[in-house]
Structures are given as structure tokens and as C-alpha cells.
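Visitor: Structure in C-alpha cells, see below.
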Amino acid sequence: MGNEAVVDRKVIIFQLNYEEYAVSVQQVGSIERIEPITRVPQTADFVKGVINLRGVVTPIIDLRIRFGLKETEFTESSRIIIVYLDDMEVGLIVDAANDVIDIPENAIEPAPEVIGSVDVDYIDGVAKLDNRLLILLNLQKVLTKEEITELKSVEG
């Protein structure tokens, strides 16, 4: 046995449709409660609109709609996760944001061909921790370049 260190990946866990997802904390700016969202006309259906977050106009995306899941009413546990994507802030609406954990790199497996209803392109891998299965999202692939360009125009 060598003495190589086990590398951990620090992630924020959130829920969508009773499944648990994870994004790297390095890409997350903050987690906010749902607040009034100003609708922007002629944007994709998953773009809910924009919010003014501490003086920054931030586009808001409903991840349920983006992933082809049924849209639901917001609840007390619904959150907006502010992430950094291509030098801009984007808010992702999720059902709940649970906790921050460390996932050992050796617990992460490549994404299987099909995972529920989420397109496998969005997925960095799957982590098995105790009796939990976490889907690690690749935020760079959640939106296409064209969609990011559209969001930049919404951002102002």
C-alpha cells in the first residue's frame, strides 16, 4: 500500500424530483431562497426570467424544465443555487439544497448510458455513498453555447 492521499471532491447536494444531484462547491456562489422572478419575453421555456441579486441581474433557469421533468409549484424548501458559468452568474431553481459533503474521488464512477430522465451529456459521474446515489452534474454541459449566449443577452 502506497501512501497516496485520497482526493475528495467537495460538492453541494440538491434535490430534483426526489433524486439527489451534486455540483462542485467551486462553481457555486450562493444558495438563495426563491424570490420574485421577472419574466423575460422570447426566451427558452426553462429560462424563468431574471432576479436582481445584490445589484446583479441574474438569469434564472428551472432545472426541472431543463431536464424534461414536470414543473411543480415552489415550496418552502425550493432554492436558487447561484452558479458561475462562462464568466456569468446563473441561478438554478432546485427542489431543495441539502448539504455540503466531500465525495472521495474513488467513489465516483463514470455515468451509465441512461440515468432516469436526465440526458447523460450533463452528467460527470455517479457517486455511491452509503445508501445514497448522487448524480454529479457537469454545469458546462447543462447549457449549450447558444443558450449561454442567449442568457448573456438577458443578463444585460
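Chains: A, B, ... in order of the C-alpha cells. Residues: from 1 per chain. Ligands: from 1, in order shown.
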What parts of segment 43-152 of chain A does DSSP call strand (DSSP E or B)? I'd like the answer as a PyMOL selection string.

Guide: chain A and resi 47-53+56-62+79-85+88-94+96-104+108-109+115+118+123-129+132-137

Visitor: Could you tell me, as a ChimeraX atom specification, which residues of segment 5-146 of chain A DSSP assigns to helix (DSSP H, G or I) when given the backbone?

Guide: /A:25-27,63-66,105-107,120-122,139-142,145-146

Visitor: To one decimal place, how far is atom CA of Arg66 of chain A from atom CA of Lys128 of chain A in Å?

Guide: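 Separation between atom CA of Arg66 of chain A and atom CA of Lys128 of chain A: 24.6 Å.
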
Visitor: With distances taken over only C-alpha atoms, which of A:Pro36, A:Val142, A:Gln27, A:Val11 is nearest to Lys48 of chain A?

Guide: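 Looking at the shortest contact to Lys48 of chain A, the residue is A:Pro36.
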
Visitor: So which residues touch Leu139 of chain A within 8 Å, counting only C-alpha atoms, skipping near sequence neighbours fewer than 6 positions away, as a list in words?

Guide: Val23, Leu85 and Tyr122 of chain A

Visitor: Neighbouring residues of Thr72 of chain A were defined as those with any atom within 9 Å, considering only C-alpha atoms; residues of the same chain fewer than 3 positions away were excluded. Please report them as JSON, numbers by chain.

Guide: {"A": [64, 75, 95]}

Visitor: Any idea what the distance is between atom CA of Leu63 of chain A and atom CA of Leu16 of chain A?

Guide: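 Computing the Euclidean distance for atom CA of Leu63 of chain A and atom CA of Leu16 of chain A yields 7.9 Å.
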
Visitor: Nearest to Ile65 of chain A among A:Arg79, A:Ile93, A:Ala22, A:Val40, with distances taken over only C-alpha atoms: which residue is it?

Guide: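 The closest residue to Ile65 of chain A is A:Ile93.
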
Visitor: Can you tell me which residues surround Asn98 of chain A at a distance of at most 8 Å, considering only C-alpha atoms, apart from same-chain residues fewer than 2 positions away, and format the answer as a list in words?

Guide: Ile12, Ile13, Phe14, Gln15, Ala96 and Val100 of chain A

Visitor: Restricting it to N, CA, C and O atoms, dump the selection as a PDB file, in the first residue's frame.

Guide:
```
ATOM      1  N   ILE A  12     -21.996  20.408  -3.390  1.00  0.00           N
ATOM      2  CA  ILE A  12     -23.272  20.783  -2.786  1.00  0.00           C
ATOM      3  C   ILE A  12     -24.313  19.814  -3.329  1.00  0.00           C
ATOM      4  O   ILE A  12     -24.391  19.595  -4.547  1.00  0.00           O
ATOM      5  N   ILE A  13     -25.083  19.227  -2.425  1.00  0.00           N
ATOM      6  CA  ILE A  13     -26.116  18.263  -2.801  1.00  0.00           C
ATOM      7  C   ILE A  13     -27.441  19.008  -2.928  1.00  0.00           C
ATOM      8  O   ILE A  13     -27.803  19.804  -2.057  1.00  0.00           O
ATOM      9  N   PHE A  14     -28.169  18.739  -4.015  1.00  0.00           N
ATOM     10  CA  PHE A  14     -29.512  19.302  -4.139  1.00  0.00           C
ATOM     11  C   PHE A  14     -30.448  18.243  -4.698  1.00  0.00           C
ATOM     12  O   PHE A  14     -30.007  17.219  -5.214  1.00  0.00           O
ATOM     13  N   GLN A  15     -31.741  18.497  -4.551  1.00  0.00           N
ATOM     14  CA  GLN A  15     -32.741  17.529  -4.998  1.00  0.00           C
ATOM     15  C   GLN A  15     -33.564  18.084  -6.137  1.00  0.00           C
ATOM     16  O   GLN A  15     -33.874  19.266  -6.194  1.00  0.00           O
ATOM     17  N   ALA A  96     -34.703  21.412  -3.505  1.00  0.00           N
ATOM     18  CA  ALA A  96     -34.106  21.642  -2.184  1.00  0.00           C
ATOM     19  C   ALA A  96     -32.597  21.570  -2.321  1.00  0.00           C
ATOM     20  O   ALA A  96     -32.091  20.847  -3.178  1.00  0.00           O
ATOM     21  N   VAL A 100     -23.474  20.177   2.155  1.00  0.00           N
ATOM     22  CA  VAL A 100     -22.177  20.183   1.502  1.00  0.00           C
ATOM     23  C   VAL A 100     -21.426  18.978   2.043  1.00  0.00           C
ATOM     24  O   VAL A 100     -21.344  18.784   3.254  1.00  0.00           O
TER      25      VAL A 100
END
```

Visitor: Please provide as a list in words all residues within 9 Å of Val57 of chain A, with the sequence filter that same-chain residues fewer than 6 positions apart are discarded (counting only C-alpha atoms).

Guide: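 Counting only the stated atoms, we get Val50, Ile51, Glu89, Val154, Glu155 and Gly156 of chain A.
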
Visitor: Could you please determine the separation between atom CA of Val56 of chain A and atom CA of Tyr84 of chain A in Å, to one decimal place?

Guide: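 Distance reported for this atom pair: 12.9 Å.
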
Visitor: Of the residues A:Asp8, A:Ile81, A:Pro112, A:Leu143, which is the one nearest to Val28 of chain A, using only C-alpha atoms?

Guide: A:Ile81

Visitor: Restricting the calculation to only C-alpha atoms: of A:Asp102, A:Glu32, A:Asp121, A:Glu109, which residue gets closest to Phe67 of chain A?

Guide: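 Of all the options, A:Asp121 lies closest to Phe67 of chain A.
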
Visitor: Taking only C-alpha atoms into account, name the residue in A:Arg9, A:Val83, A:Asn106, A:Gly91 that is nearest to Asn52 of chain A.

Guide: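 Once distances to Asn52 of chain A are computed over only C-alpha atoms, the minimum belongs to A:Gly91.
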
Visitor: Can you tell me which residues surround Asp124 of chain A at a distance of at most 9 Å, considering only C-alpha atoms, apart from same-chain residues fewer than 3 positions away, and format the answer as a compact mmCIF listing (two decimals) with N, CA and C atoms, in the first residue's frame?

Guide:
```txt
# COMPACT_ATOMS: atom_id res chain seq x y z
N GLU A 109 -18.04 7.00 -10.17
CA GLU A 109 -17.97 6.13 -11.34
C GLU A 109 -18.43 6.92 -12.56
N PRO A 110 -17.99 6.51 -13.76
CA PRO A 110 -18.48 7.18 -14.97
C PRO A 110 -19.99 7.04 -15.07
N ALA A 111 -20.60 7.98 -15.76
CA ALA A 111 -22.06 7.96 -15.90
C ALA A 111 -22.49 6.77 -16.74
N VAL A 120 -27.54 12.09 -20.50
CA VAL A 120 -26.24 11.65 -19.96
C VAL A 120 -25.13 12.68 -20.23
N ASP A 121 -25.29 13.54 -21.21
CA ASP A 121 -24.28 14.56 -21.50
C ASP A 121 -24.05 15.51 -20.33
N ILE A 135 -25.89 12.03 -8.41
CA ILE A 135 -25.58 12.30 -9.80
C ILE A 135 -24.78 13.59 -9.87
N LEU A 136 -23.53 13.50 -10.33
CA LEU A 136 -22.67 14.69 -10.40
C LEU A 136 -22.91 15.39 -11.74
N LEU A 137 -23.34 16.64 -11.66
CA LEU A 137 -23.64 17.40 -12.87
C LEU A 137 -22.41 18.10 -13.41
N ASN A 138 -22.31 18.13 -14.73
CA ASN A 138 -21.30 18.92 -15.41
C ASN A 138 -22.01 20.20 -15.87
N LEU A 139 -21.84 21.26 -15.11
CA LEU A 139 -22.57 22.50 -15.40
C LEU A 139 -22.25 23.07 -16.78
```

Visitor: Smallest atom-to-atom distance to Gly49 of chain A: which of A:Leu92, A:Phe74, A:Tyr21, A:Gln140, using only C-alpha atoms?

Guide: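 With only C-alpha atoms as the atom set, the closest residue is A:Leu92.
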